[in-house]
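**Q** Got a structure for you, start_30.txt, holding compact mmCIF, C-alpha atoms and all ligand atoms.
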# COMPACT_ATOMS: atom_id res chain seq x y z
CA MET A 1 -36.15 0.14 19.33
CA ALA A 2 -33.27 1.81 17.63
CA ASN A 3 -30.15 -0.02 18.65
CA VAL A 4 -29.71 -3.75 19.04
CA VAL A 5 -26.72 -5.72 20.30
CA VAL A 6 -26.37 -9.33 19.16
CA VAL A 7 -24.21 -11.58 21.31
CA GLY A 8 -23.48 -15.29 21.33
CA ALA A 9 -24.77 -16.70 24.63
CA GLN A 10 -22.70 -19.91 24.70
CA TRP A 11 -19.16 -20.70 23.46
CA GLY A 12 -19.60 -19.12 20.02
CA ASP A 13 -20.81 -20.71 16.80
CA GLU A 14 -24.45 -20.31 17.82
CA GLY A 15 -25.49 -19.32 14.30
CA LYS A 16 -25.12 -15.56 14.67
CA GLY A 17 -24.38 -15.04 10.95
CA LYS A 18 -27.88 -15.72 9.74
CA ILE A 19 -29.57 -13.68 12.48
CA VAL A 20 -27.19 -10.75 12.11
CA ASP A 21 -27.80 -10.76 8.38
CA TRP A 22 -31.55 -10.95 8.96
CA LEU A 23 -31.40 -7.95 11.30
CA SER A 24 -28.85 -6.01 9.25
CA GLU A 25 -31.33 -5.74 6.45
CA ARG A 26 -33.28 -3.36 8.66
CA ALA A 27 -30.32 -1.59 10.25
CA ASP A 28 -28.54 1.51 8.96
CA VAL A 29 -25.23 0.88 10.70
CA ILE A 30 -23.62 -2.48 11.53
CA ALA A 31 -20.70 -2.37 13.95
CA ARG A 32 -18.19 -4.93 15.18
CA PHE A 33 -17.10 -4.07 18.72
CA GLN A 34 -14.72 -6.84 19.85
CA GLY A 35 -12.68 -9.81 18.67
CA GLY A 36 -10.92 -10.03 15.37
CA HIS A 37 -10.59 -12.46 12.51
CA ASN A 38 -10.84 -15.36 14.96
CA ALA A 39 -14.57 -15.03 14.25
CA GLY A 40 -16.20 -16.62 11.24
CA HIS A 41 -19.59 -15.80 9.80
CA THR A 42 -21.05 -17.57 6.81
CA LEU A 43 -23.80 -15.67 5.03
CA VAL A 44 -25.92 -17.12 2.29
CA ILE A 45 -27.63 -14.41 0.27
CA ASP A 46 -29.49 -15.19 -2.93
CA GLY A 47 -27.56 -18.42 -3.25
CA LYS A 48 -24.17 -16.72 -2.88
CA VAL A 49 -22.00 -17.79 0.04
CA TYR A 50 -19.94 -15.12 1.77
CA LYS A 51 -17.40 -16.10 4.40
CA LEU A 52 -16.58 -13.17 6.65
CA HIS A 53 -14.11 -13.01 9.49
CA ALA A 54 -13.14 -9.42 10.23
CA LEU A 55 -15.68 -7.51 8.15
CA PRO A 56 -19.07 -6.68 9.69
CA SER A 57 -21.90 -8.64 8.07
CA GLY A 58 -23.48 -5.44 6.80
CA VAL A 59 -20.86 -5.05 4.04
CA VAL A 60 -22.64 -7.50 1.79
CA ARG A 61 -25.85 -5.44 1.90
CA GLY A 62 -25.91 -2.22 -0.07
CA GLY A 63 -26.67 1.14 1.50
CA LYS A 64 -25.38 0.34 4.98
CA LEU A 65 -22.48 1.72 6.94
CA SER A 66 -20.21 -1.00 8.29
CA VAL A 67 -18.02 -0.13 11.24
CA ILE A 68 -14.97 -1.75 12.79
CA GLY A 69 -14.77 -0.34 16.30
CA ASN A 70 -11.82 0.23 18.61
CA GLY A 71 -12.76 -2.85 20.65
CA VAL A 72 -11.65 -5.01 17.73
CA VAL A 73 -8.05 -6.07 17.04
CA LEU A 74 -7.41 -5.78 13.33
CA ASP A 75 -5.00 -7.64 11.07
CA PRO A 76 -4.65 -5.18 8.18
CA TRP A 77 -3.27 -7.78 5.74
CA HIS A 78 -6.08 -10.18 6.50
CA LEU A 79 -8.64 -7.38 6.16
CA LEU A 80 -7.36 -6.35 2.74
CA ASN A 81 -7.50 -9.98 1.56
CA GLU A 82 -11.03 -10.32 2.86
CA ILE A 83 -12.05 -7.08 1.13
CA ALA A 84 -10.50 -8.34 -2.12
CA THR A 85 -12.39 -11.65 -1.82
CA VAL A 86 -15.81 -10.08 -1.28
CA ARG A 87 -15.14 -7.45 -3.94
CA ALA A 88 -14.47 -10.31 -6.35
CA GLN A 89 -17.95 -11.57 -5.44
CA GLY A 90 -19.40 -8.26 -6.60
CA VAL A 91 -19.65 -6.43 -3.27
CA GLU A 92 -18.72 -2.76 -3.28
CA ILE A 93 -16.55 -1.67 -0.35
CA THR A 94 -15.52 1.97 -0.11
CA PRO A 95 -14.75 4.44 2.70
CA GLU A 96 -18.42 5.44 2.37
CA THR A 97 -19.57 1.92 3.27
CA LEU A 98 -16.81 0.86 5.69
CA ILE A 99 -15.06 2.82 8.42
CA ILE A 100 -12.41 1.68 10.89
CA ALA A 101 -11.81 3.37 14.23
CA GLU A 102 -8.52 5.26 14.27
CA ASN A 103 -7.83 3.90 17.75
CA THR A 104 -8.13 0.25 16.71
CA PRO A 105 -5.04 -1.78 17.68
CA LEU A 106 -3.45 -3.70 14.83
CA ILE A 107 -2.54 -7.37 14.83
CA MET A 108 1.05 -7.70 13.66
CA PRO A 109 2.60 -10.79 12.06
CA PHE A 110 4.59 -11.31 15.29
CA HIS A 111 1.33 -11.61 17.26
CA GLY A 112 0.27 -14.63 15.23
CA GLU A 113 3.75 -16.12 15.53
CA LEU A 114 3.73 -15.66 19.31
CA ASP A 115 0.22 -17.11 19.62
CA ARG A 116 1.21 -20.24 17.68
CA ALA A 117 4.63 -20.61 19.33
CA ARG A 118 3.02 -20.50 22.78
CA GLU A 119 0.40 -23.03 21.84
CA GLU A 120 3.04 -25.36 20.42
CA ALA A 121 5.17 -24.99 23.55
CA ALA A 122 2.22 -25.59 25.88
CA SER A 123 1.66 -28.98 27.41
CA LYS A 124 -1.73 -30.64 27.68
CA GLY A 125 -3.68 -28.73 30.28
CA THR A 126 -2.08 -25.37 29.54
CA LYS A 127 -2.92 -25.23 25.84
CA ILE A 128 -5.89 -22.91 25.17
CA GLY A 129 -6.69 -24.18 21.70
CA THR A 130 -6.63 -20.68 20.19
CA THR A 131 -7.36 -19.94 16.56
CA GLY A 132 -3.68 -19.01 16.17
CA ARG A 133 -4.59 -15.63 14.71
CA GLY A 134 -2.65 -13.53 17.21
CA ILE A 135 -5.74 -12.27 19.01
CA GLY A 136 -4.46 -12.74 22.58
CA PRO A 137 -1.01 -11.20 22.01
CA ALA A 138 -2.58 -8.21 20.21
CA TYR A 139 -4.91 -7.50 23.15
CA GLU A 140 -1.97 -7.92 25.53
CA ASP A 141 -0.13 -5.19 23.66
CA LYS A 142 -3.21 -2.97 23.77
CA VAL A 143 -3.46 -3.06 27.56
CA GLY A 144 0.34 -3.08 27.82
CA ARG A 145 0.26 0.30 26.02
CA ARG A 146 2.56 -0.81 23.24
CA ALA A 147 0.05 -1.46 20.45
CA ILE A 148 0.45 -0.06 16.96
CA ARG A 149 -2.92 1.50 16.16
CA VAL A 150 -4.58 2.49 12.90
CA ALA A 151 -3.84 6.21 13.41
CA ASP A 152 -0.11 5.45 13.83
CA LEU A 153 0.07 4.39 10.19
CA ALA A 154 -0.31 8.02 9.11
CA ASP A 155 3.00 9.31 10.40
CA ALA A 156 6.33 7.63 9.62
CA ALA A 157 8.14 8.85 12.74
CA THR A 158 5.31 7.79 15.10
CA LEU A 159 5.08 4.44 13.36
CA GLU A 160 8.80 3.75 13.80
CA ALA A 161 8.64 4.74 17.47
CA ARG A 162 5.66 2.44 18.02
CA VAL A 163 7.43 -0.44 16.28
CA ASP A 164 10.54 0.08 18.42
CA ARG A 165 8.48 0.06 21.58
CA ALA A 166 6.76 -3.17 20.55
CA LEU A 167 10.05 -4.83 19.60
CA GLN A 168 11.59 -3.96 22.94
CA HIS A 169 8.97 -6.21 24.48
CA HIS A 170 8.66 -8.88 21.82
CA ASP A 171 12.25 -9.69 20.92
CA PRO A 172 13.20 -10.95 24.41
CA LEU A 173 9.93 -12.89 24.53
CA ARG A 174 10.67 -14.53 21.20
CA LYS A 175 14.20 -15.37 22.31
CA GLY A 176 12.75 -17.26 25.26
CA LEU A 177 10.58 -19.29 22.92
CA GLY A 178 13.43 -19.93 20.51
CA VAL A 179 11.94 -17.73 17.78
CA GLU A 180 14.21 -15.43 15.74
CA ALA A 181 14.18 -11.65 16.35
CA ILE A 182 11.81 -9.46 14.34
CA ASP A 183 13.22 -7.81 11.21
CA ARG A 184 12.45 -4.20 12.15
CA ASP A 185 13.05 -2.60 8.77
CA ALA A 186 11.09 -5.25 6.89
CA LEU A 187 8.16 -4.79 9.30
CA ILE A 188 8.21 -1.00 8.90
CA ALA A 189 8.28 -1.42 5.12
CA LEU A 190 5.30 -3.79 5.29
CA LEU A 191 3.39 -1.33 7.46
CA ASN A 192 4.14 1.60 5.18
CA GLU A 193 2.93 -0.46 2.27
CA VAL A 194 -0.38 -1.33 3.93
CA ALA A 195 -0.93 2.17 5.36
CA GLY A 196 -2.07 3.65 2.06
CA GLU A 197 -4.76 1.02 1.71
CA ILE A 198 -6.04 1.09 5.31
CA LEU A 199 -5.96 4.82 6.08
CA PRO A 200 -8.76 5.82 3.67
CA PHE A 201 -11.13 3.78 5.88
CA ALA A 202 -9.89 5.34 9.15
CA ALA A 203 -12.39 7.54 10.98
CA PRO A 204 -13.28 8.87 14.45
CA VAL A 205 -15.82 6.08 14.91
CA TRP A 206 -17.01 7.31 18.32
CA LYS A 207 -18.04 10.60 16.69
CA VAL A 208 -19.73 9.02 13.69
CA MET A 209 -21.62 6.58 15.93
CA ASN A 210 -22.87 9.36 18.18
CA GLU A 211 -23.99 11.38 15.15
CA LYS A 212 -25.81 8.36 13.73
CA ARG A 213 -27.44 7.74 17.08
CA LYS A 214 -28.61 11.34 17.34
CA ALA A 215 -29.94 11.19 13.79
CA GLY A 216 -32.12 8.23 14.88
CA LYS A 217 -30.33 5.69 12.68
CA ARG A 218 -30.76 2.04 13.57
CA ILE A 219 -27.52 0.54 14.82
CA LEU A 220 -26.80 -3.17 14.97
CA PHE A 221 -23.87 -4.20 17.14
CA GLU A 222 -22.51 -7.48 15.88
CA GLY A 223 -20.82 -9.58 18.55
CA ALA A 224 -18.32 -12.31 17.78
CA GLN A 225 -17.54 -15.49 19.80
CA GLY A 226 -19.82 -16.19 22.78
CA ALA A 227 -20.28 -14.96 26.34
CA LEU A 228 -18.68 -18.09 27.81
CA LEU A 229 -15.47 -17.07 26.02
CA ASP A 230 -15.56 -13.62 27.66
CA ILE A 231 -12.23 -12.67 29.24
CA ASP A 232 -13.93 -11.86 32.59
CA PHE A 233 -17.04 -14.04 32.73
CA GLY A 234 -16.01 -16.99 30.57
CA THR A 235 -14.35 -20.25 31.53
CA TYR A 236 -10.98 -18.55 32.19
CA PRO A 237 -8.25 -19.14 31.06
CA TYR A 238 -9.93 -21.09 28.24
CA VAL A 239 -11.43 -17.94 26.79
CA THR A 240 -10.71 -15.37 24.12
CA SER A 241 -8.93 -12.15 25.07
CA SER A 242 -11.76 -9.64 24.75
CA ASN A 243 -14.96 -8.83 26.56
CA VAL A 244 -17.62 -10.56 24.55
CA ILE A 245 -20.64 -9.64 26.68
CA ALA A 246 -23.06 -6.92 25.56
CA GLY A 247 -21.60 -4.16 27.73
CA GLN A 248 -18.58 -4.20 25.44
CA ALA A 249 -20.70 -2.88 22.57
CA ALA A 250 -20.58 0.57 24.17
CA THR A 251 -16.85 0.74 24.94
CA GLY A 252 -15.97 -1.07 21.72
CA VAL A 253 -17.18 1.79 19.53
CA GLY A 254 -17.37 4.76 21.91
CA ILE A 255 -21.04 5.29 22.74
CA GLY A 256 -22.77 5.34 26.12
CA PRO A 257 -24.47 2.23 27.52
CA ASN A 258 -27.77 4.15 27.45
CA SER A 259 -27.68 3.97 23.64
CA ILE A 260 -28.39 0.25 23.72
CA ASP A 261 -32.07 -0.56 23.56
CA TYR A 262 -32.22 -4.32 23.14
CA VAL A 263 -29.81 -7.22 23.62
CA LEU A 264 -30.46 -10.32 21.58
CA GLY A 265 -28.66 -13.48 22.69
CA ILE A 266 -28.05 -16.19 20.13
CA VAL A 267 -28.51 -19.62 21.67
CA LYS A 268 -28.09 -22.99 20.03
CA ALA A 269 -30.64 -25.66 21.05
CA TYR A 270 -27.71 -27.78 22.27
CA THR A 271 -24.13 -26.88 23.23
CA THR A 272 -20.82 -26.84 21.34
CA ARG A 273 -17.34 -25.58 22.01
CA VAL A 274 -14.05 -25.54 20.10
CA GLY A 275 -10.69 -25.50 21.79
CA GLU A 276 -9.86 -26.62 25.30
CA GLY A 277 -11.63 -25.96 28.59
CA PRO A 278 -14.49 -27.10 30.80
CA PHE A 279 -17.71 -28.26 29.19
CA PRO A 280 -19.99 -29.85 31.80
CA THR A 281 -22.58 -31.30 29.38
CA GLU A 282 -20.08 -32.61 26.80
CA LEU A 283 -21.05 -35.91 25.20
CA GLU A 284 -18.29 -38.21 24.07
CA ASP A 285 -20.68 -40.85 22.83
CA GLU A 286 -23.03 -41.62 19.95
CA ASP A 287 -25.38 -38.77 20.91
CA GLY A 288 -22.49 -36.30 20.75
CA ASN A 289 -21.41 -37.61 17.35
CA ARG A 290 -24.94 -37.35 16.11
CA LEU A 291 -25.22 -33.70 17.18
CA GLY A 292 -21.90 -32.93 15.48
CA THR A 293 -22.79 -34.67 12.24
CA ARG A 294 -26.35 -33.39 11.97
CA GLY A 295 -25.29 -29.89 13.04
CA HIS A 296 -22.22 -29.76 10.72
CA GLU A 297 -20.17 -28.77 13.72
CA PHE A 298 -16.84 -27.80 12.19
CA GLY A 299 -15.26 -24.36 12.75
CA THR A 300 -15.64 -21.73 9.99
CA THR A 301 -12.26 -20.21 10.83
CA THR A 302 -10.09 -23.21 11.62
CA GLY A 303 -12.13 -26.16 10.33
CA ARG A 304 -11.75 -27.86 13.72
CA LYS A 305 -14.33 -30.40 14.87
CA ARG A 306 -16.49 -28.88 17.59
CA ARG A 307 -17.15 -30.67 20.87
CA CYS A 308 -20.90 -31.26 21.34
CA GLY A 309 -23.22 -31.74 24.30
CA TRP A 310 -26.70 -31.27 25.73
CA PHE A 311 -28.24 -27.88 26.25
CA ASP A 312 -26.90 -26.27 29.41
CA ALA A 313 -29.67 -24.02 30.71
CA CYS A 314 -27.66 -23.18 33.81
CA LEU A 315 -24.87 -21.60 31.77
CA VAL A 316 -27.23 -19.76 29.43
CA ARG A 317 -29.16 -18.37 32.41
CA GLN A 318 -25.82 -17.01 33.58
CA THR A 319 -24.94 -15.40 30.22
CA CYS A 320 -28.44 -13.91 29.91
CA ALA A 321 -27.70 -12.18 33.21
CA THR A 322 -24.17 -10.94 32.42
CA SER A 323 -25.23 -9.55 29.03
CA GLY A 324 -28.68 -8.30 30.08
CA ILE A 325 -30.25 -10.33 27.30
CA ASN A 326 -33.82 -9.21 26.54
CA GLY A 327 -34.69 -12.09 24.25
CA ILE A 328 -32.96 -15.01 22.61
CA SER A 329 -32.82 -16.36 19.12
CA LEU A 330 -32.89 -20.14 19.44
CA THR A 331 -31.06 -21.81 16.56
CA LYS A 332 -30.60 -25.30 15.15
CA LEU A 333 -33.62 -26.85 16.84
CA ASP A 334 -33.88 -29.18 13.84
CA VAL A 335 -30.60 -30.87 14.84
CA LEU A 336 -32.54 -32.38 17.76
CA ASP A 337 -35.14 -33.96 15.46
CA GLY A 338 -35.35 -37.72 15.94
CA PHE A 339 -33.80 -37.98 19.41
CA LYS A 340 -36.01 -40.22 21.52
CA THR A 341 -35.06 -38.46 24.73
CA LEU A 342 -33.47 -35.05 25.23
CA LYS A 343 -31.59 -33.85 28.26
CA ILE A 344 -31.31 -30.31 29.58
CA CYS A 345 -28.85 -29.37 32.29
CA THR A 346 -30.62 -27.36 34.99
CA GLY A 347 -27.78 -27.00 37.51
CA TYR A 348 -24.75 -28.81 38.93
CA GLU A 349 -24.01 -31.09 41.79
CA LEU A 350 -20.85 -29.97 43.57
CA ASP A 351 -19.60 -31.95 46.57
CA GLY A 352 -23.15 -33.00 47.44
CA GLU A 353 -24.64 -29.50 47.02
CA ARG A 354 -26.81 -28.19 44.22
CA MET A 355 -25.39 -25.18 42.37
CA ASP A 356 -27.52 -22.89 40.21
CA TYR A 357 -24.44 -21.38 38.51
CA LEU A 358 -21.01 -22.56 37.37
CA PRO A 359 -18.51 -21.61 40.08
CA THR A 360 -15.39 -19.65 39.09
CA ALA A 361 -12.69 -21.80 40.72
CA ALA A 362 -11.19 -24.28 38.25
CA ASP A 363 -11.10 -27.19 40.72
CA GLN A 364 -14.77 -26.67 41.57
CA GLN A 365 -15.69 -26.47 37.89
CA ALA A 366 -13.94 -29.78 37.34
CA ARG A 367 -15.97 -31.40 40.15
CA CYS A 368 -19.33 -30.04 38.94
CA ARG A 369 -21.62 -32.77 37.66
CA PRO A 370 -24.56 -31.70 35.50
CA ILE A 371 -28.05 -32.28 36.87
CA TYR A 372 -30.28 -33.25 33.97
CA GLU A 373 -33.95 -33.04 33.31
CA GLU A 374 -35.19 -35.41 30.62
CA MET A 375 -37.73 -34.52 27.97
CA GLU A 376 -39.43 -36.61 25.38
CA GLY A 377 -38.08 -35.92 21.89
CA TRP A 378 -39.99 -35.73 18.59
CA SER A 379 -39.71 -37.76 15.45
CA GLU A 380 -41.12 -35.20 12.99
CA SER A 381 -38.87 -32.75 11.14
CA THR A 382 -38.74 -29.17 12.40
CA GLU A 383 -36.40 -28.10 9.61
CA GLY A 384 -37.75 -25.12 7.74
CA ALA A 385 -40.68 -24.51 10.11
CA ARG A 386 -42.01 -20.98 9.71
CA SER A 387 -44.73 -20.89 12.34
CA TRP A 388 -45.45 -22.48 15.69
CA ALA A 389 -48.17 -24.51 14.01
CA ASP A 390 -45.46 -26.24 11.95
CA LEU A 391 -43.72 -27.51 15.08
CA PRO A 392 -44.43 -30.83 16.83
CA ALA A 393 -45.91 -30.45 20.30
CA ASN A 394 -42.79 -31.85 21.99
CA ALA A 395 -40.56 -29.35 20.17
CA ILE A 396 -42.74 -26.51 21.46
CA LYS A 397 -42.53 -28.00 24.96
CA TYR A 398 -38.74 -28.08 24.66
CA VAL A 399 -38.59 -24.42 23.60
CA ARG A 400 -40.95 -23.35 26.39
CA ARG A 401 -38.91 -25.26 28.97
CA VAL A 402 -35.72 -23.60 27.71
CA GLU A 403 -37.37 -20.18 28.16
CA GLU A 404 -38.43 -21.04 31.71
CA LEU A 405 -35.06 -22.41 32.73
CA ILE A 406 -32.98 -19.55 31.33
CA ASP A 407 -35.52 -16.98 32.51
CA CYS A 408 -35.62 -15.25 29.15
CA PRO A 409 -38.13 -15.34 26.29
CA VAL A 410 -37.55 -16.56 22.75
CA ALA A 411 -37.69 -13.62 20.33
CA LEU A 412 -36.73 -15.58 17.23
CA LEU A 413 -36.63 -19.24 16.36
CA SER A 414 -34.37 -20.27 13.52
CA THR A 415 -35.15 -23.60 11.88
CA SER A 416 -32.62 -23.80 9.03
CA PRO A 417 -29.75 -21.75 7.56
CA GLU A 418 -32.24 -20.14 5.13
CA ARG A 419 -33.28 -16.61 6.08
CA GLU A 420 -36.98 -17.26 5.62
CA ASP A 421 -36.96 -20.25 7.94
CA THR A 422 -37.37 -18.08 11.00
CA ILE A 423 -40.27 -17.76 13.41
CA LEU A 424 -40.53 -14.20 14.66
CA VAL A 425 -42.00 -13.67 18.11
CA THR A 426 -40.56 -10.26 19.01
CA ASP A 427 -38.83 -7.95 16.56
CA PRO A 428 -35.75 -6.59 18.37
CA PHE A 429 -35.93 -3.45 16.20
CA ALA A 430 -39.65 -2.85 16.84
CA ASP A 431 -40.46 0.49 18.43
P1 LIG B 501 -8.45 -16.97 20.38
O1 LIG B 501 -9.65 -16.08 20.36
O2 LIG B 501 -7.92 -17.30 19.02
O3 LIG B 501 -7.39 -16.46 21.31
O4 LIG B 501 -8.91 -18.38 20.99
C1 LIG B 501 -9.31 -18.52 22.35
C2 LIG B 501 -10.48 -19.48 22.51
O5 LIG B 501 -11.63 -18.90 21.89
C3 LIG B 501 -10.27 -20.82 21.81
O6 LIG B 501 -10.93 -21.82 22.58
C4 LIG B 501 -10.99 -20.65 20.49
O7 LIG B 501 -11.40 -21.89 19.96
C5 LIG B 501 -12.17 -19.80 20.92
N1 LIG B 501 -12.73 -19.00 19.82
C6 LIG B 501 -12.23 -17.87 19.29
N2 LIG B 501 -13.02 -17.40 18.32
C7 LIG B 501 -14.07 -18.24 18.25
C8 LIG B 501 -15.27 -18.25 17.45
O8 LIG B 501 -15.53 -17.38 16.62
N3 LIG B 501 -16.12 -19.29 17.70
C9 LIG B 501 -15.88 -20.23 18.64
N4 LIG B 501 -14.79 -20.24 19.41
C10 LIG B 501 -13.89 -19.25 19.22
Let me see the structure of the file written as structure tokens.

**A**
Amino acid sequence: MANVVVVGAQWGDEGKGKIVDWLSERADVIARFQGGHNAGHTLVIDGKVYKLHALPSGVVRGGKLSVIGNGVVLDPWHLLNEIATVRAQGVEITPETLIIAENTPLIMPFHGELDRAREEAASKGTKIGTTGRGIGPAYEDKVGRRAIRVADLADAATLEARVDRALQHHDPLRKGLGVEAIDRDALIALLNEVAGEILPFAAPVWKVMNEKRKAGKRILFEGAQGALLDIDFGTYPYVTSSNVIAGQAATGVGIGPNSIDYVLGIVKAYTTRVGEGPFPTELEDEDGNRLGTRGHEFGTTTGRKRRCGWFDACLVRQTCATSGINGISLTKLDVLDGFKTLKICTGYELDGERMDYLPTAADQQARCRPIYEEMEGWSESTEGARSWADLPANAIKYVRRVEELIDCPVALLSTSPEREDTILVTDPFAD
């Protein structure tokens, strides 16, 4: 199949970096289609560690085209820093290897300030636990039709008009939060300064993507965050501000949905989440600590400790449906090594009734109690397994039960951060 979308099928941090890198080796084009530098991918290639936030993972592999689509919100200053960092590691980034959609909205310094000021002002219960990177306010400006977009950097008069329009909205908002007004001229100067460095990468991405598609190039759409953080289908309002589900891959770069051949969902063998919000299978006990410690569950972007819990098959079944996931890549199975008993959530009990999905209403979500199925664990190590024969029988049973409960097959099984420690069942790119 030519074009593959990779999405996180839980609350993010499922281990997409390794899988995306693994797939990007065989792709011609790697495109980001939503989110911003709230994402964090760590890639380990030939012993070198690359930490990427806004750049598509393909940049570290030679001979690929990396694309930042219009569905992304882009902080130009952050991007230039990230480019400088990876260049210092020996990676070549040029307008031939990286293009940015001209209609991509930019994250301004005032977006980050607003994001953080709101979070600080919020009381417990209203705080979202954002990454503080200005993602939400930047998307608000996009749909509010007052964003400053990449193409606006090319013309001084347009840029000034766009800034004025944004300030008209933001200055009163800031006043309400006790934040000083924006220095218009300083902002325009900053933007003019960055324009010369960003514009060489600007391109009509929709056109390039359609040409690549017609030329039969393999396209990998690299999702960020996870489907449970989706603005529509996630645990609203404790979500990110973009559509994270696979359908966004099409609108986030400007191709038709019929150009997507395969959707790969990345699923961790247990559950984690950072930030606030409902988490039915959360463990605040020794088992939870053990998952966090063994799984190194600290955020790549903010360093925050991730909340941990049992695998929630009910939620993953839901995200497989909303993203049309064809197959999953199950990651971090080795973190479960040594547990005597494992629990999998198969549904919820709500006011005496069994639910086979998480209801939308917040009060109902709060009253949902997970219904668990217990499985016998395994004492052997699964770390680094490269074939089914290397796995203990109970680990195979666990994987098979996950497949049954989420109603979706395992395409890849990842057993360590190393690329080679992967069991391939179905190649998403196979014709
Ligand atoms: P924002 O995207 O910074 O607005 O944050 C909104 C919610 O999404 C918060 O709960 C964040 O912790 C979460 N979030 C954003 N990006 C990621 C990610 O890459 N991994 C996991 N959680 C994320």

**Q** For ligand LIG 501 (chain B), which residue among A:Glu82, A:Glu92, A:Asp334, A:Asp230 is the nearest when counting all atoms listed in the file?

**A** A:Asp230

**Q** Distance cut-off 12 Å, centre (-36.2, -15.3, 29.1) in file coordinates, counting all atoms listed in the file: which residues qualify? Return them as a ChimeraX atom specification.

**A** /A:263-265,267,313,316-321,324-330,399-412

**Q** Which residues form the shell of 9 Å around ligand LIG 501 (chain B) when you count all atoms listed in the file, given as a ChimeraX atom specification?

**A** /A:11-14,35-41,53,115,128-137,224-226,229-230,237-242,272-277,299-302,304,306

**Q** Pick out the residues sitting within 10 Å of stretch 289-294 of chain A, and hand them over as a PDB file with C-alpha atoms, keeping the file's coordinate frame; count all atoms listed in the file, and ignore anything fewer than 3 positions along from it in its own chain.

**A**
ATOM      1  CA  TYR A 270     -27.710 -27.780  22.270  1.00  0.00           C
ATOM      2  CA  THR A 271     -24.130 -26.880  23.230  1.00  0.00           C
ATOM      3  CA  THR A 272     -20.820 -26.840  21.340  1.00  0.00           C
ATOM      4  CA  LEU A 283     -21.050 -35.910  25.200  1.00  0.00           C
ATOM      5  CA  GLU A 284     -18.290 -38.210  24.070  1.00  0.00           C
ATOM      6  CA  ASP A 285     -20.680 -40.850  22.830  1.00  0.00           C
ATOM      7  CA  GLU A 286     -23.030 -41.620  19.950  1.00  0.00           C
ATOM      8  CA  GLU A 297     -20.170 -28.770  13.720  1.00  0.00           C
ATOM      9  CA  PHE A 298     -16.840 -27.800  12.190  1.00  0.00           C
ATOM     10  CA  LYS A 305     -14.330 -30.400  14.870  1.00  0.00           C
ATOM     11  CA  ARG A 306     -16.490 -28.880  17.590  1.00  0.00           C
ATOM     12  CA  ARG A 307     -17.150 -30.670  20.870  1.00  0.00           C
ATOM     13  CA  CYS A 308     -20.900 -31.260  21.340  1.00  0.00           C
ATOM     14  CA  GLY A 309     -23.220 -31.740  24.300  1.00  0.00           C
ATOM     15  CA  TRP A 310     -26.700 -31.270  25.730  1.00  0.00           C
ATOM     16  CA  LYS A 332     -30.600 -25.300  15.150  1.00  0.00           C
ATOM     17  CA  ASP A 334     -33.880 -29.180  13.840  1.00  0.00           C
ATOM     18  CA  VAL A 335     -30.600 -30.870  14.840  1.00  0.00           C
ATOM     19  CA  LEU A 336     -32.540 -32.380  17.760  1.00  0.00           C
ATOM     20  CA  ASP A 337     -35.140 -33.960  15.460  1.00  0.00           C
ATOM     21  CA  PHE A 339     -33.800 -37.980  19.410  1.00  0.00           C
TER      22      PHE A 339
END

**Q** Applying 10 Å and only C-alpha atoms, which residues near A:Phe33 remain after dropping the ones on its own chain fewer than 5 positions away? List them as a PyMOL selection string.

**A** chain A and resi 5+56+67-73+221-224+242-244+246+248-254

**Q** Could you jot down the atom CA of A:Arg146 to atom CA of A:Ala84 separation for me, Å, one decimal place?

**A**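 Computing it gives 29.5 Å between the two atoms.
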
**Q** Write out as a PyMOL selection string the residues lying within 6 Å of A:Ile107, counting all atoms listed in the file and excluding same-chain residues fewer than 5 positions away.

**A** chain A and resi 74-75+138

**Q** Selected residues, C-alpha atoms, written as a PDB file, in the frame of the given file, please.

**A**
ATOM      1  CA  LEU A  74      -7.410  -5.780  13.330  1.00  0.00           C
ATOM      2  CA  ASP A  75      -5.000  -7.640  11.070  1.00  0.00           C
ATOM      3  CA  ALA A 138      -2.580  -8.210  20.210  1.00  0.00           C
TER       4      ALA A 138
END
